[in-house]
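Notes to accompany the following structure.
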2 protein chains.
Amino acid sequence: MKKALALDVGGTKIYSAIIDETGKIISEIEKNHTPQTYEEIKYLFERIIKAYENEVDVIAFSTCGAVNNQNNGILGSTGNIAKGYPKMPFAKLSSKLVFVENDANCAAWAEYKIGASKGCKNSVMLTLGTGVGGGIIVDGRILKGKNGAAGEMHFKMYCDKRRKCTCGSWDCFEIYASGKGLKLTAEEYTHNPDITTYDVIDGVKKNDKQMLEIFNRWQDDITIGIIGLANIFDPDCVVLSGSMAQFVQTDLVEQKVNKEIVTTPTKVLKATAGNYSGMIGAAILALEKAGK
Amino acid sequence: MKKALALDVGGTKIYSAIIDETGKIISEIEKNHTPQTYEEIKYLFERIIKAYENEVDVIAFSTCGAVNNQNNGILGSTGNIAKGYPKMPFAKLSSKLVFVENDANCAAWAEYKIGASKGCKNSVMLTLGTGVGGGIIVDGRILKGKNGAAGEMHFKMYCDKRRKCTCGSWDCFEIYASGKGLKLTAEEYTHNPDITTYDVIDGVKKNDKQMLEIFNRWQDDITIGIIGLANIFDPDCVVLSGSMAQFVQTDLVEQKVNKEIVTTPTKVLKATAGNYSGMIGAAILALEKAGK
């Protein structure tokens, strides 16, 4: 069976493992902190690749940042990782095929191949974490756009400038539906700048009326975003992943979404491919590409 | 050269003409009012098809309503056309291949093949009329979704229920960016329920301060919608068509969009394929399908 060395590159951690073409992780998972500089990141990549490349058919990167349509380089800047990172010469890191794809796209592919949206040729995956990532599958292919940057969940929830988004613009879905969005909603309701998402979730468990109100506002904002996406894409399903997804009442959201959309009914599901879905999706994509 | 008999079916008019595979209209354009009943519409289709089917290779319908992925039938209801219309047995209307596609998708295809977005494999077309239609092209193919209903421009502009949309939901892009949206914005600014879009456009020409303010709010709402779509699709271009598109300052909108998006720069253009782009797109699509 063909195998990939997969690396998942985030702003804080870099994971790596060997994964077979069915998406099964067949080695220990190596975990490293993301180094501060471009040179150190490159050195870490080289060390990991040198150690395992003889055992595998391809090298598969799941990375933060938008990835070009050739799947060999990063477009523009990437937020919280070393400034020079987008210049990484991925193809030159190994004599084997090196395949690169955006982490949200990889995770969406893992769900499509072995997870919650298995077999759904049209799906939207939302990764609800500190921010919101998006991976969209259209007719069995990842939506990339002209340069590879598609799938950014920065559509506006209000047109009258209420919350500044991390992207520099105002009122994007990300700044309402993310963990940070939940905290900001809680701050607005309580006027307490120190309130955390944990306080809200804990309050919900204790049936605190105000915390329930805050949580419902956050969940309604997620619902509203999904309504727009379901009208645009007519997807089989919308999959929620990331650390905040566990709190979402997907049955309720699905019901509300299907009551409002003008397209045909969609499912709202939680991701099932697990914490390493980025690596798994990258490995499957890279092995599919190598097999062509 | 291969030819199609194309029919454009809207809520008020039905146009028909013979169109060749280059998108050129090579007959008179027949114009009929859309009959009130299903039976009368069917009879009109049969009369037109009987008169011309021997001269052409395919019959191509550009129609209101969402069209299925087999391009032979309509999904669900369609607003302002006879209730039974979605049951039309298109394939049985002729012994030739009968191809059906949604009018906004056909118009987007015409722009892609011979119009403003010629050669742009990733584009979003917005038809700004009484309502707003959407036709999206992803990697050279029409975005259809699981059942064919994709491309509906019903994503929300506010989350606090300000304007009821024609779809029954609240605050969709359509109810802000359409002609009706401009009228509603004007009503809100002037508290005059009788104000028309004409009054606003006329006032803008005369440099009336309040009318300029209303117009700019409307144009900013269109801009905000395009920002969201450009972040989701990373398109080569966004094309504006329909009766209201002529008033939009596309250079200014393009500038504002590219200042805010996190994807890569997009163009904002006016459609150039003309009033019959629905028929032209349907004809080209149908002839492409027949040629396969």
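Ligands are numbered from 1 in the order shown, residues from 1 within each chain, and chains are lettered A, B, ... in the order they appear in the structure tokens.
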Exercise. Determine, counting only C-alpha atoms, which protein, DNA and RNA residues have an atom within 9 Å of an atom of Val132 (chain B); residues of the same chain fewer than 5 positions away are not included. Present the result as number ranges by chain.
Key: B: 126-127, 152-154, 173-175, 177-179, 242
Since we have the selection now, will you write its residues out, keeping C-alpha atoms, as a CSV table (one decimal), in the first residue's frame?
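This went into again_11.csv:
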```csv
chain,number,residue,atom,x,y,z
B,126,LEU,CA,-24.9,39.1,-10.2
B,127,THR,CA,-28.1,40.0,-12.1
B,152,GLU,CA,-29.0,31.8,-4.7
B,153,MET,CA,-27.9,35.3,-3.4
B,154,HIS,CA,-29.7,34.9,-0.1
B,173,PHE,CA,-28.4,40.4,-0.1
B,174,GLU,CA,-31.2,40.4,-2.6
B,175,ILE,CA,-33.4,42.7,-0.6
B,177,ALA,CA,-28.8,45.0,-3.7
B,178,SER,CA,-31.8,44.8,-6.0
B,179,GLY,CA,-33.9,47.6,-7.5
B,242,GLY,CA,-29.5,43.3,-15.2
```
Report the closest atom pair, with its distance in Å rounded to one decimal, for each residue of chain A that has an atom no farther than 8 Å from chain B; count only C-alpha atoms, sort by chain and then rising residue number, and write it as JSON lines.
```
{"residue": "A:Lys121", "atom": "CA", "partner": "B:Lys146", "partner_atom": "CA", "distance": 7.3}
{"residue": "A:Asn122", "atom": "CA", "partner": "B:Lys146", "partner_atom": "CA", "distance": 6.0}
{"residue": "A:Val138", "atom": "CA", "partner": "B:Gly145", "partner_atom": "CA", "distance": 6.9}
{"residue": "A:Asp139", "atom": "CA", "partner": "B:Gly145", "partner_atom": "CA", "distance": 7.0}
{"residue": "A:Leu143", "atom": "CA", "partner": "B:Phe233", "partner_atom": "CA", "distance": 7.4}
{"residue": "A:Lys144", "atom": "CA", "partner": "B:Phe233", "partner_atom": "CA", "distance": 7.3}
{"residue": "A:Gly145", "atom": "CA", "partner": "B:Asp234", "partner_atom": "CA", "distance": 4.6}
{"residue": "A:Lys146", "atom": "CA", "partner": "B:Pro235", "partner_atom": "CA", "distance": 5.6}
{"residue": "A:Asn147", "atom": "CA", "partner": "B:Asp234", "partner_atom": "CA", "distance": 7.0}
{"residue": "A:Gly148", "atom": "CA", "partner": "B:Asp234", "partner_atom": "CA", "distance": 7.3}
{"residue": "A:Ala149", "atom": "CA", "partner": "B:Thr263", "partner_atom": "CA", "distance": 5.3}
{"residue": "A:Ala150", "atom": "CA", "partner": "B:Asp234", "partner_atom": "CA", "distance": 4.7}
{"residue": "A:Gly151", "atom": "CA", "partner": "B:Ile232", "partner_atom": "CA", "distance": 4.5}
{"residue": "A:Glu152", "atom": "CA", "partner": "B:Asn231", "partner_atom": "CA", "distance": 5.1}
{"residue": "A:Met153", "atom": "CA", "partner": "B:Ile232", "partner_atom": "CA", "distance": 6.4}
{"residue": "A:His154", "atom": "CA", "partner": "B:Gly228", "partner_atom": "CA", "distance": 5.9}
{"residue": "A:Phe155", "atom": "CA", "partner": "B:Gly228", "partner_atom": "CA", "distance": 3.7}
{"residue": "A:Lys156", "atom": "CA", "partner": "B:Gly228", "partner_atom": "CA", "distance": 6.4}
{"residue": "A:Met157", "atom": "CA", "partner": "B:Tyr158", "partner_atom": "CA", "distance": 5.4}
{"residue": "A:Tyr158", "atom": "CA", "partner": "B:Tyr158", "partner_atom": "CA", "distance": 4.4}
{"residue": "A:Cys159", "atom": "CA", "partner": "B:Met157", "partner_atom": "CA", "distance": 6.2}
{"residue": "A:Cys167", "atom": "CA", "partner": "B:Val262", "partner_atom": "CA", "distance": 7.0}
{"residue": "A:Gly168", "atom": "CA", "partner": "B:Glu260", "partner_atom": "CA", "distance": 7.7}
{"residue": "A:Ser169", "atom": "CA", "partner": "B:Glu260", "partner_atom": "CA", "distance": 6.1}
{"residue": "A:Asp221", "atom": "CA", "partner": "B:Cys159", "partner_atom": "CA", "distance": 7.3}
{"residue": "A:Ile224", "atom": "CA", "partner": "B:Lys156", "partner_atom": "CA", "distance": 7.1}
{"residue": "A:Gly225", "atom": "CA", "partner": "B:Phe155", "partner_atom": "CA", "distance": 7.5}
{"residue": "A:Ile227", "atom": "CA", "partner": "B:Phe155", "partner_atom": "CA", "distance": 6.7}
{"residue": "A:Gly228", "atom": "CA", "partner": "B:Phe155", "partner_atom": "CA", "distance": 3.7}
{"residue": "A:Leu229", "atom": "CA", "partner": "B:Phe155", "partner_atom": "CA", "distance": 7.1}
{"residue": "A:Ala230", "atom": "CA", "partner": "B:Ala150", "partner_atom": "CA", "distance": 7.9}
{"residue": "A:Asn231", "atom": "CA", "partner": "B:Glu152", "partner_atom": "CA", "distance": 5.1}
{"residue": "A:Ile232", "atom": "CA", "partner": "B:Gly151", "partner_atom": "CA", "distance": 4.5}
{"residue": "A:Phe233", "atom": "CA", "partner": "B:Ala150", "partner_atom": "CA", "distance": 4.7}
{"residue": "A:Asp234", "atom": "CA", "partner": "B:Gly145", "partner_atom": "CA", "distance": 4.6}
{"residue": "A:Pro235", "atom": "CA", "partner": "B:Gly145", "partner_atom": "CA", "distance": 5.6}
{"residue": "A:Asp236", "atom": "CA", "partner": "B:Lys146", "partner_atom": "CA", "distance": 5.9}
{"residue": "A:Glu260", "atom": "CA", "partner": "B:Ser169", "partner_atom": "CA", "distance": 6.1}
{"residue": "A:Ile261", "atom": "CA", "partner": "B:His154", "partner_atom": "CA", "distance": 7.9}
{"residue": "A:Val262", "atom": "CA", "partner": "B:Cys167", "partner_atom": "CA", "distance": 7.0}
{"residue": "A:Thr263", "atom": "CA", "partner": "B:Ala149", "partner_atom": "CA", "distance": 5.3}
{"residue": "A:Thr264", "atom": "CA", "partner": "B:Ala149", "partner_atom": "CA", "distance": 6.9}
```
Extract the full set of strand (DSSP E or B) residues from region 175-278 of chain A according to DSSP on the backbone, and format it as a JSON list (two decimals) with all heavy atoms, in the first residue's frame.
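Final output, saved to selection-v4.json:
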```json
[["chain", "number", "residue", "atom", "x", "y", "z"],
["A", 237, "CYS", "N", -24.07, 18.64, 2.68],
["A", 237, "CYS", "CA", -23.93, 18.83, 4.12],
["A", 237, "CYS", "C", -22.95, 19.95, 4.45],
["A", 237, "CYS", "O", -22.12, 20.32, 3.62],
["A", 237, "CYS", "CB", -23.48, 17.54, 4.80],
["A", 237, "CYS", "SG", -21.95, 16.89, 4.17],
["A", 238, "VAL", "N", -23.12, 20.47, 5.66],
["A", 238, "VAL", "CA", -22.18, 21.41, 6.23],
["A", 238, "VAL", "C", -21.56, 20.70, 7.44],
["A", 238, "VAL", "O", -22.29, 20.18, 8.29],
["A", 238, "VAL", "CB", -22.89, 22.71, 6.67],
["A", 238, "VAL", "CG1", -21.93, 23.66, 7.36],
["A", 238, "VAL", "CG2", -23.56, 23.38, 5.47],
["A", 239, "VAL", "N", -20.23, 20.63, 7.47],
["A", 239, "VAL", "CA", -19.54, 19.91, 8.53],
["A", 239, "VAL", "C", -18.84, 20.91, 9.44],
["A", 239, "VAL", "O", -18.15, 21.82, 8.96],
["A", 239, "VAL", "CB", -18.50, 18.94, 7.93],
["A", 239, "VAL", "CG1", -17.75, 18.20, 9.04],
["A", 239, "VAL", "CG2", -19.17, 17.96, 6.99],
["A", 240, "LEU", "N", -19.04, 20.76, 10.74],
["A", 240, "LEU", "CA", -18.39, 21.65, 11.70],
["A", 240, "LEU", "C", -17.25, 20.92, 12.40],
["A", 240, "LEU", "O", -17.43, 19.83, 12.94],
["A", 240, "LEU", "CB", -19.41, 22.12, 12.75],
["A", 240, "LEU", "CG", -20.66, 22.81, 12.19],
["A", 240, "LEU", "CD1", -21.57, 23.26, 13.32],
["A", 240, "LEU", "CD2", -20.29, 23.99, 11.31],
["A", 241, "SER", "N", -16.06, 21.51, 12.35],
["A", 241, "SER", "CA", -14.91, 20.92, 13.03],
["A", 241, "SER", "C", -14.24, 21.99, 13.89],
["A", 241, "SER", "O", -14.72, 23.12, 13.95],
["A", 241, "SER", "CB", -13.92, 20.36, 12.01],
["A", 241, "SER", "OG", -13.29, 21.43, 11.33],
["A", 267, "LYS", "N", -27.69, 18.77, 5.39],
["A", 267, "LYS", "CA", -27.41, 18.26, 6.73],
["A", 267, "LYS", "C", -26.37, 19.15, 7.40],
["A", 267, "LYS", "O", -25.51, 19.72, 6.72],
["A", 267, "LYS", "CB", -26.87, 16.83, 6.64],
["A", 267, "LYS", "CG", -27.96, 15.83, 6.33],
["A", 267, "LYS", "CD", -27.40, 14.44, 6.20],
["A", 267, "LYS", "CE", -28.52, 13.47, 5.82],
["A", 267, "LYS", "NZ", -28.02, 12.35, 5.02],
["A", 268, "VAL", "N", -26.43, 19.25, 8.72],
["A", 268, "VAL", "CA", -25.39, 19.94, 9.49],
["A", 268, "VAL", "C", -24.80, 18.90, 10.44],
["A", 268, "VAL", "O", -25.51, 18.34, 11.28],
["A", 268, "VAL", "CB", -25.95, 21.15, 10.25],
["A", 268, "VAL", "CG1", -24.87, 21.82, 11.09],
["A", 268, "VAL", "CG2", -26.56, 22.16, 9.27],
["A", 269, "LEU", "N", -23.53, 18.62, 10.27],
["A", 269, "LEU", "CA", -22.90, 17.50, 10.96],
["A", 269, "LEU", "C", -21.63, 17.92, 11.69],
["A", 269, "LEU", "O", -21.00, 18.92, 11.31],
["A", 269, "LEU", "CB", -22.50, 16.42, 9.93],
["A", 269, "LEU", "CG", -23.61, 15.92, 9.01],
["A", 269, "LEU", "CD1", -23.00, 15.12, 7.86],
["A", 269, "LEU", "CD2", -24.59, 15.06, 9.80],
["A", 270, "LYS", "N", -21.24, 17.15, 12.69],
["A", 270, "LYS", "CA", -19.93, 17.37, 13.30],
["A", 270, "LYS", "C", -18.88, 16.50, 12.60],
["A", 270, "LYS", "O", -19.18, 15.37, 12.19],
["A", 270, "LYS", "CB", -19.97, 17.03, 14.79],
["A", 270, "LYS", "CG", -20.66, 18.15, 15.56],
["A", 270, "LYS", "CD", -20.70, 17.93, 17.03],
["A", 270, "LYS", "CE", -21.67, 18.95, 17.64],
["A", 270, "LYS", "NZ", -21.89, 18.76, 19.06]]
```
Self-check item: Residue contacts of region 197-214 of chain A (12 Å, only C-alpha atoms) excluding same-chain residues fewer than 5 positions away, as a PyMOL selection string
Solution: chain A and resi 129-130+176+178-190+192+219-221+243-244+246-248
Self-check item: Contacts of Asn54 (chain A) at 12 Å (only C-alpha atoms; same-chain gap of 3+ positions) as a PyMOL selection string
Solution: chain A and resi 3-5+18+48-51+57-59+94-96
Quiz item: Can you list, as a PyMOL selection string, every protein, DNA or RNA residue that comes within 7 Å of His33 (chain A) when you count only C-alpha atoms, leaving out same-chain residues fewer than 2 positions away?
Solution: chain A and resi 12-14+31+35
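When the distance limit is 12 Å and only C-alpha atoms are what count, the residues near Ile26 (chain A), minus those fewer than 6 positions from it on the same chain, are Met1, Lys2, Lys3, Ala4, Leu5, Ala6, Ser16, Ala17, Ile18, Ile19, Asp20, Glu55, Val56, Ile280 and Ala283 of chain A.
Our summary of the geometry notes that CA of Glu111 (chain B) is positioned 26.4 Å from CA of Pro86 (chain B).
The space between CA of Ala110 (chain A) and CA of Ala273 (chain A) spans 6.4 Å.
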